[in-house]
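Student: This is the content of work_32.cif (mmCIF, C-alpha atoms):
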data_start
#
loop_
_atom_site.group_PDB
_atom_site.id
_atom_site.type_symbol
_atom_site.label_atom_id
_atom_site.label_comp_id
_atom_site.auth_asym_id
_atom_site.auth_seq_id
_atom_site.Cartn_x
_atom_site.Cartn_y
_atom_site.Cartn_z
ATOM 1 C CA LYS A 7 -63.964 -0.968 -30.601
ATOM 2 C CA THR A 8 -61.326 -3.502 -29.676
ATOM 3 C CA PRO A 9 -57.787 -2.100 -29.833
ATOM 4 C CA LEU A 10 -55.567 -3.580 -32.531
ATOM 5 C CA SER A 11 -53.047 -4.655 -29.877
ATOM 6 C CA VAL A 12 -55.630 -7.047 -28.412
ATOM 7 C CA TYR A 13 -56.022 -8.732 -31.813
ATOM 8 C CA TYR A 14 -52.245 -9.065 -32.138
ATOM 9 C CA LEU A 15 -52.101 -10.603 -28.673
ATOM 10 C CA LEU A 16 -54.840 -13.109 -29.522
ATOM 11 C CA ILE A 17 -53.170 -14.054 -32.800
ATOM 12 C CA THR A 18 -49.847 -14.510 -31.025
ATOM 13 C CA LEU A 19 -51.495 -16.709 -28.391
ATOM 14 C CA LEU A 20 -53.167 -18.830 -31.073
ATOM 15 C CA ILE A 21 -49.869 -19.288 -32.899
ATOM 16 C CA MET A 22 -48.023 -20.138 -29.704
ATOM 17 C CA THR A 23 -50.584 -22.669 -28.505
ATOM 18 C CA ASN A 24 -50.255 -24.571 -31.784
ATOM 19 C CA LYS A 25 -46.477 -24.706 -31.624
ATOM 20 C CA LYS A 26 -44.446 -27.159 -29.645
ATOM 21 C CA VAL A 27 -41.901 -26.003 -27.077
ATOM 22 C CA ALA A 28 -38.328 -27.289 -26.895
ATOM 23 C CA LEU A 29 -36.475 -26.329 -23.724
ATOM 24 C CA ILE A 30 -32.687 -26.390 -23.875
ATOM 25 C CA ILE A 31 -30.897 -25.813 -20.572
ATOM 26 C CA GLY A 32 -27.212 -25.317 -21.208
ATOM 27 C CA ALA A 33 -27.540 -23.617 -24.594
ATOM 28 C CA GLY A 34 -23.831 -22.971 -24.933
ATOM 29 C CA ASP A 35 -21.962 -21.897 -28.018
ATOM 30 C CA SER A 36 -21.762 -25.331 -29.653
ATOM 31 C CA LEU A 37 -24.029 -28.318 -28.976
ATOM 32 C CA GLY A 38 -26.747 -26.514 -27.012
ATOM 33 C CA SER A 39 -27.092 -23.780 -29.622
ATOM 34 C CA ALA A 40 -27.080 -26.335 -32.436
ATOM 35 C CA VAL A 41 -29.898 -28.250 -30.732
ATOM 36 C CA ALA A 42 -31.920 -25.031 -30.386
ATOM 37 C CA ARG A 43 -31.411 -24.234 -34.082
ATOM 38 C CA VAL A 44 -32.580 -27.696 -35.165
ATOM 39 C CA PHE A 45 -35.734 -27.542 -33.067
ATOM 40 C CA SER A 46 -36.548 -24.007 -34.213
ATOM 41 C CA LYS A 47 -36.199 -25.085 -37.874
ATOM 42 C CA ASN A 48 -38.688 -27.870 -37.173
ATOM 43 C CA ASP A 49 -41.519 -25.657 -35.932
ATOM 44 C CA PHE A 50 -40.676 -25.665 -32.231
ATOM 45 C CA ILE A 51 -40.482 -22.601 -30.040
ATOM 46 C CA ALA A 52 -36.911 -22.711 -28.710
ATOM 47 C CA VAL A 53 -36.627 -21.804 -25.038
ATOM 48 C CA VAL A 54 -32.942 -21.537 -24.201
ATOM 49 C CA ALA A 55 -31.219 -20.984 -20.872
ATOM 50 C CA ARG A 56 -27.759 -20.680 -19.419
ATOM 51 C CA ARG A 57 -26.255 -19.014 -16.376
ATOM 52 C CA ASN A 58 -25.483 -15.831 -18.287
ATOM 53 C CA GLY A 59 -28.580 -15.342 -20.422
ATOM 54 C CA ASP A 60 -27.139 -12.243 -22.119
ATOM 55 C CA GLN A 61 -24.778 -14.558 -24.003
ATOM 56 C CA LEU A 62 -27.857 -16.058 -25.700
ATOM 57 C CA ASN A 63 -28.796 -12.859 -27.536
ATOM 58 C CA PRO A 64 -26.917 -13.753 -30.772
ATOM 59 C CA LEU A 65 -28.593 -17.193 -30.852
ATOM 60 C CA LYS A 66 -32.032 -15.682 -30.218
ATOM 61 C CA GLU A 67 -31.503 -13.104 -32.969
ATOM 62 C CA GLU A 68 -30.287 -15.771 -35.415
ATOM 63 C CA ILE A 69 -33.274 -18.029 -34.781
ATOM 64 C CA GLU A 70 -35.711 -15.147 -35.132
ATOM 65 C CA LYS A 71 -33.979 -13.855 -38.286
ATOM 66 C CA ASN A 72 -34.522 -17.315 -39.808
ATOM 67 C CA GLY A 73 -38.245 -17.224 -38.990
ATOM 68 C CA GLY A 74 -38.223 -19.147 -35.723
ATOM 69 C CA GLN A 75 -39.307 -18.211 -32.228
ATOM 70 C CA CYS A 76 -36.851 -18.115 -29.358
ATOM 71 C CA PHE A 77 -37.035 -17.080 -25.725
ATOM 72 C CA ALA A 78 -33.743 -16.707 -23.852
ATOM 73 C CA PHE A 79 -33.304 -16.769 -20.078
ATOM 74 C CA SER A 80 -30.655 -16.705 -17.380
ATOM 75 C CA LEU A 81 -30.854 -19.730 -15.095
ATOM 76 C CA ASP A 82 -28.611 -21.369 -12.538
ATOM 77 C CA ALA A 83 -29.818 -24.938 -12.981
ATOM 78 C CA ARG A 84 -28.312 -25.943 -9.630
ATOM 79 C CA LYS A 85 -30.904 -23.938 -7.675
ATOM 80 C CA GLU A 86 -34.009 -25.983 -7.023
ATOM 81 C CA GLN A 87 -36.557 -23.208 -6.527
ATOM 82 C CA ASP A 88 -35.231 -21.322 -9.555
ATOM 83 C CA VAL A 89 -35.706 -24.417 -11.743
ATOM 84 C CA ILE A 90 -39.215 -25.025 -10.370
ATOM 85 C CA ASN A 91 -40.209 -21.400 -11.004
ATOM 86 C CA PHE A 92 -38.598 -21.431 -14.446
ATOM 87 C CA ILE A 93 -40.462 -24.549 -15.631
ATOM 88 C CA ASP A 94 -43.741 -23.128 -14.254
ATOM 89 C CA LYS A 95 -43.113 -19.836 -16.083
ATOM 90 C CA ILE A 96 -42.490 -21.561 -19.411
ATOM 91 C CA GLU A 97 -45.607 -23.706 -19.076
ATOM 92 C CA SER A 98 -47.848 -20.777 -18.084
ATOM 93 C CA GLU A 99 -46.443 -18.049 -20.341
ATOM 94 C CA ILE A 100 -45.001 -19.782 -23.418
ATOM 95 C CA GLY A 101 -46.560 -23.223 -23.776
ATOM 96 C CA GLU A 102 -46.391 -26.878 -22.838
ATOM 97 C CA ILE A 103 -42.870 -28.262 -22.900
ATOM 98 C CA ASN A 104 -42.789 -31.093 -25.420
ATOM 99 C CA VAL A 105 -39.037 -31.692 -25.380
ATOM 100 C CA ALA A 106 -36.555 -30.818 -22.634
ATOM 101 C CA VAL A 107 -32.811 -31.080 -23.224
ATOM 102 C CA TYR A 108 -30.261 -30.826 -20.414
ATOM 103 C CA ASN A 109 -26.882 -29.965 -21.889
ATOM 104 C CA ILE A 110 -24.797 -28.420 -19.119
ATOM 105 C CA GLY A 111 -21.361 -29.894 -19.671
ATOM 106 C CA ALA A 112 -19.195 -29.247 -16.606
ATOM 107 C CA ASN A 113 -16.216 -30.546 -18.603
ATOM 108 C CA ILE A 114 -13.482 -29.392 -16.282
ATOM 109 C CA ARG A 115 -10.084 -31.041 -15.919
ATOM 110 C CA PHE A 116 -8.478 -31.339 -12.479
ATOM 111 C CA ASN A 117 -5.648 -33.540 -11.319
ATOM 112 C CA ILE A 118 -7.106 -35.731 -8.549
ATOM 113 C CA LEU A 119 -4.757 -34.227 -5.939
ATOM 114 C CA GLU A 120 -5.898 -30.723 -6.939
ATOM 115 C CA THR A 121 -9.590 -31.625 -6.943
ATOM 116 C CA THR A 122 -11.072 -30.054 -3.861
ATOM 117 C CA SER A 123 -14.374 -31.253 -2.485
ATOM 118 C CA LYS A 124 -15.838 -27.893 -3.522
ATOM 119 C CA LYS A 125 -14.753 -28.392 -7.170
ATOM 120 C CA TYR A 126 -15.994 -31.984 -7.241
ATOM 121 C CA TYR A 127 -19.345 -30.992 -5.760
ATOM 122 C CA LYS A 128 -19.801 -28.083 -8.175
ATOM 123 C CA VAL A 129 -19.158 -30.316 -11.210
ATOM 124 C CA TRP A 130 -21.663 -32.851 -9.858
ATOM 125 C CA GLU A 131 -24.216 -30.078 -9.243
ATOM 126 C CA MET A 132 -23.830 -28.749 -12.777
ATOM 127 C CA ALA A 133 -23.849 -32.079 -14.604
ATOM 128 C CA THR A 134 -26.076 -34.285 -12.465
ATOM 129 C CA PHE A 135 -28.097 -32.400 -9.876
ATOM 130 C CA GLY A 136 -29.305 -29.815 -12.393
ATOM 131 C CA ALA A 137 -30.319 -32.642 -14.739
ATOM 132 C CA PHE A 138 -32.276 -34.266 -11.916
ATOM 133 C CA LEU A 139 -34.056 -30.971 -11.122
ATOM 134 C CA MET A 140 -34.999 -30.279 -14.737
ATOM 135 C CA GLY A 141 -35.992 -33.883 -15.383
ATOM 136 C CA ARG A 142 -38.181 -34.122 -12.302
ATOM 137 C CA GLU A 143 -39.936 -30.805 -12.881
ATOM 138 C CA VAL A 144 -40.544 -31.387 -16.584
ATOM 139 C CA ALA A 145 -41.774 -34.923 -15.856
ATOM 140 C CA ARG A 146 -44.302 -33.449 -13.419
ATOM 141 C CA LYS A 147 -45.720 -31.384 -16.284
ATOM 142 C CA MET A 148 -45.576 -34.180 -18.861
ATOM 143 C CA MET A 149 -47.120 -36.944 -16.707
ATOM 144 C CA PRO A 150 -50.723 -35.681 -16.840
ATOM 145 C CA ARG A 151 -50.389 -35.252 -20.636
ATOM 146 C CA LYS A 152 -48.877 -38.749 -20.978
ATOM 147 C CA ARG A 153 -46.325 -37.516 -23.514
ATOM 148 C CA GLY A 154 -43.028 -35.712 -23.812
ATOM 149 C CA THR A 155 -39.332 -36.243 -24.310
ATOM 150 C CA ILE A 156 -36.501 -35.624 -21.851
ATOM 151 C CA ILE A 157 -32.936 -35.725 -23.179
ATOM 152 C CA PHE A 158 -29.701 -35.579 -21.206
ATOM 153 C CA THR A 159 -26.605 -35.051 -23.332
ATOM 154 C CA GLY A 160 -23.609 -37.158 -22.434
ATOM 155 C CA ALA A 161 -19.945 -37.640 -23.189
ATOM 156 C CA THR A 162 -17.445 -40.463 -23.366
ATOM 157 C CA ALA A 163 -16.898 -39.749 -19.666
ATOM 158 C CA SER A 164 -20.406 -41.181 -19.145
ATOM 159 C CA ILE A 165 -19.022 -44.656 -19.712
ATOM 160 C CA ARG A 166 -15.346 -44.448 -18.754
ATOM 161 C CA GLY A 167 -13.077 -42.242 -16.733
ATOM 162 C CA LYS A 168 -9.935 -40.552 -17.940
ATOM 163 C CA GLU A 169 -6.896 -39.098 -16.222
ATOM 164 C CA GLY A 170 -7.686 -35.645 -14.882
ATOM 165 C CA PHE A 171 -11.447 -36.017 -15.198
ATOM 166 C CA ALA A 172 -12.501 -37.744 -11.967
ATOM 167 C CA ALA A 173 -15.115 -35.102 -11.123
ATOM 168 C CA PHE A 174 -16.430 -34.811 -14.674
ATOM 169 C CA SER A 175 -16.559 -38.548 -15.280
ATOM 170 C CA GLY A 176 -18.187 -39.238 -11.918
ATOM 171 C CA ALA A 177 -20.855 -36.616 -12.616
ATOM 172 C CA LYS A 178 -21.483 -37.788 -16.194
ATOM 173 C CA GLN A 179 -21.763 -41.427 -15.134
ATOM 174 C CA ALA A 180 -24.225 -40.409 -12.439
ATOM 175 C CA LYS A 181 -26.252 -38.464 -15.023
ATOM 176 C CA ARG A 182 -26.273 -41.523 -17.291
ATOM 177 C CA ALA A 183 -27.622 -43.672 -14.451
ATOM 178 C CA LEU A 184 -30.219 -40.986 -13.698
ATOM 179 C CA ALA A 185 -31.325 -41.016 -17.349
ATOM 180 C CA GLN A 186 -31.574 -44.816 -17.363
ATOM 181 C CA SER A 187 -33.640 -44.879 -14.162
ATOM 182 C CA MET A 188 -35.945 -42.114 -15.374
ATOM 183 C CA ALA A 189 -36.423 -43.843 -18.741
ATOM 184 C CA LYS A 190 -37.465 -47.106 -17.077
ATOM 185 C CA GLU A 191 -39.886 -45.300 -14.800
ATOM 186 C CA LEU A 192 -41.344 -42.781 -17.261
ATOM 187 C CA ALA A 193 -41.351 -44.620 -20.617
ATOM 188 C CA PRO A 194 -44.389 -46.756 -19.685
ATOM 189 C CA LYS A 195 -46.179 -43.472 -18.966
ATOM 190 C CA GLY A 196 -45.495 -42.026 -22.439
ATOM 191 C CA ILE A 197 -42.364 -39.994 -21.592
#
Could I get this file's structure written as structure tokens?
Tutor:
Amino acid sequence: KTPLSVYYLLITLLIMTNKKVALIIGAGDSLGSAVARVFSKNDFIAVVARRNGDQLNPLKEEIEKNGGQCFAFSLDARKEQDVINFIDKIESEIGEINVAVYNIGANIRFNILETTSKKYYKVWEMATFGAFLMGREVARKMMPRKRGTIIFTGATASIRGKEGFAAFSGAKQAKRALAQSMAKELAPKGI
């Protein structure tokens, strides 16, 4: 006799392989969570991540209460090997990533004279470098399938700077240029 738990596992695997996966890195309390909710309501498995994954528990519970599936993780998107391992884990244990959204804001205000190189670099790492890491790793998975969507959220700072936001604006404009370059390179390949 086959144990009932094996049947439940097989059914779960069948359900999961038929569902699409939406990855949201930077699932904060506003935009990132809202994006996760929308995808989960449209038959996607929501995979959400932020530095402190415990803060995602209310979102996970809400999505599941409303009939969706959600997996929540802690991730420092600035750490290359962590991002590589994370993307591999999702693809091998949850399913193929169909949509990846990078939403880490890094919206921090510093007077230019108070902006240390450490602060500037950290904002760039959060807003731009993490986007590059996610985008590259997800593209590696999507390329053989010749399909997928990569989204980087932006801000007005993506197109113009403002007093007190030199680090944020510089990082957001760099992320915008990254998105444009990736779109030109990957769109002909179905991404």
Student: As an exercise, work out the distance from atom CA of Ile110 of chain A to atom CA of Ala180 of chain A in Å and give it to one decimal place.
Tutor: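 Straight-line distance from atom CA of Ile110 of chain A to atom CA of Ala180 of chain A works out to 13.7 Å.
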Student: Name the residues captured by the PyMOL selection byres ((chain A and resi 134-138) around 8) when it is applied to the shown file; answer as an MDAnalysis selection string.
Tutor: chainID A and resid 83:85 108 130:133 139:142 158 177:178 180:181 184
Student: In Å to one decimal, how far is atom CA of Leu192 of chain A from atom CA of Pro150 of chain A?
Tutor: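 Taking atom CA of Pro150 of chain A as the start and atom CA of Leu192 of chain A as the end point, the length is 11.8 Å.
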Student: Which of these, A:Ile197, A:Val44, A:Ala106, A:Ile31, has the shortest distance to Phe79 of chain A once you count all atoms listed in the file?
Tutor: A:Ile31
Student: Smallest atom-to-atom distance to Met149 of chain A: which of A:Leu81, A:Ile69, A:Val89, A:Ala193, using all atoms listed in the file?
Tutor: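 Of A:Leu81, A:Ile69, A:Val89, A:Ala193, the one nearest Met149 of chain A is A:Ala193, counting all atoms listed in the file.
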Student: Let me make sure I understand: among A:Lys128, A:Arg182, A:Lys26, A:Arg146, which one has the smallest atom-to-atom distance to Thr159 of chain A if we use all atoms listed in the file?
Tutor: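 Checking each candidate against Thr159 of chain A, we get A:Arg182 as the closest.
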Student: Using atom CA of Val144 of chain A and atom CA of Cys76 of chain A as the two end points, give the distance in Å to one decimal.
Tutor: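 The value is 18.8 Å.
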Student: Measuring between only C-alpha atoms, which one of A:Asn117, A:Asn48, A:Gln179, A:Gln87 shows the shortest distance to Asn72 of chain A?
Tutor: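 Nearest to Asn72 of chain A: A:Asn48.
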Student: Could you tell me which residues the PyMOL selection byres ((chain A and resi 51) around 9) grabs in this file, written as a list of chain:residue names?
Tutor: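 When the PyMOL selection byres ((chain A and resi 51) around 9) is applied to the shown file, the picked residues are A:Met22, A:Lys25, A:Lys26, A:Val27, A:Ala28, A:Leu29, A:Ala42, A:Phe45, A:Ser46, A:Asp49, A:Phe50, A:Ala52, A:Val53, A:Gly74, A:Gln75, A:Cys76, A:Phe77, A:Ile100, A:Gly101.
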Student: Can you tell me which residues surround Glu143 of chain A at a distance of at most 7 Å, considering only C-alpha atoms, apart from same-chain residues fewer than 4 positions away, and format the answer as a ChimeraX atom specification?
Tutor: /A:90,93,139,147
Student: Using only C-alpha atoms, pick whichever of A:Gly154, A:Arg166, A:Ala185, A:Ala33 has the shortest atom-to-atom distance to Val105 of chain A.
Tutor: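 Looking at the shortest contact to Val105 of chain A, the residue is A:Gly154.
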Student: Here is a test: counting all atoms listed in the file, which residue of A:Ser187, A:Glu70, A:Arg56, A:Val129 is nearest to Ala112 of chain A?
Tutor: A:Val129
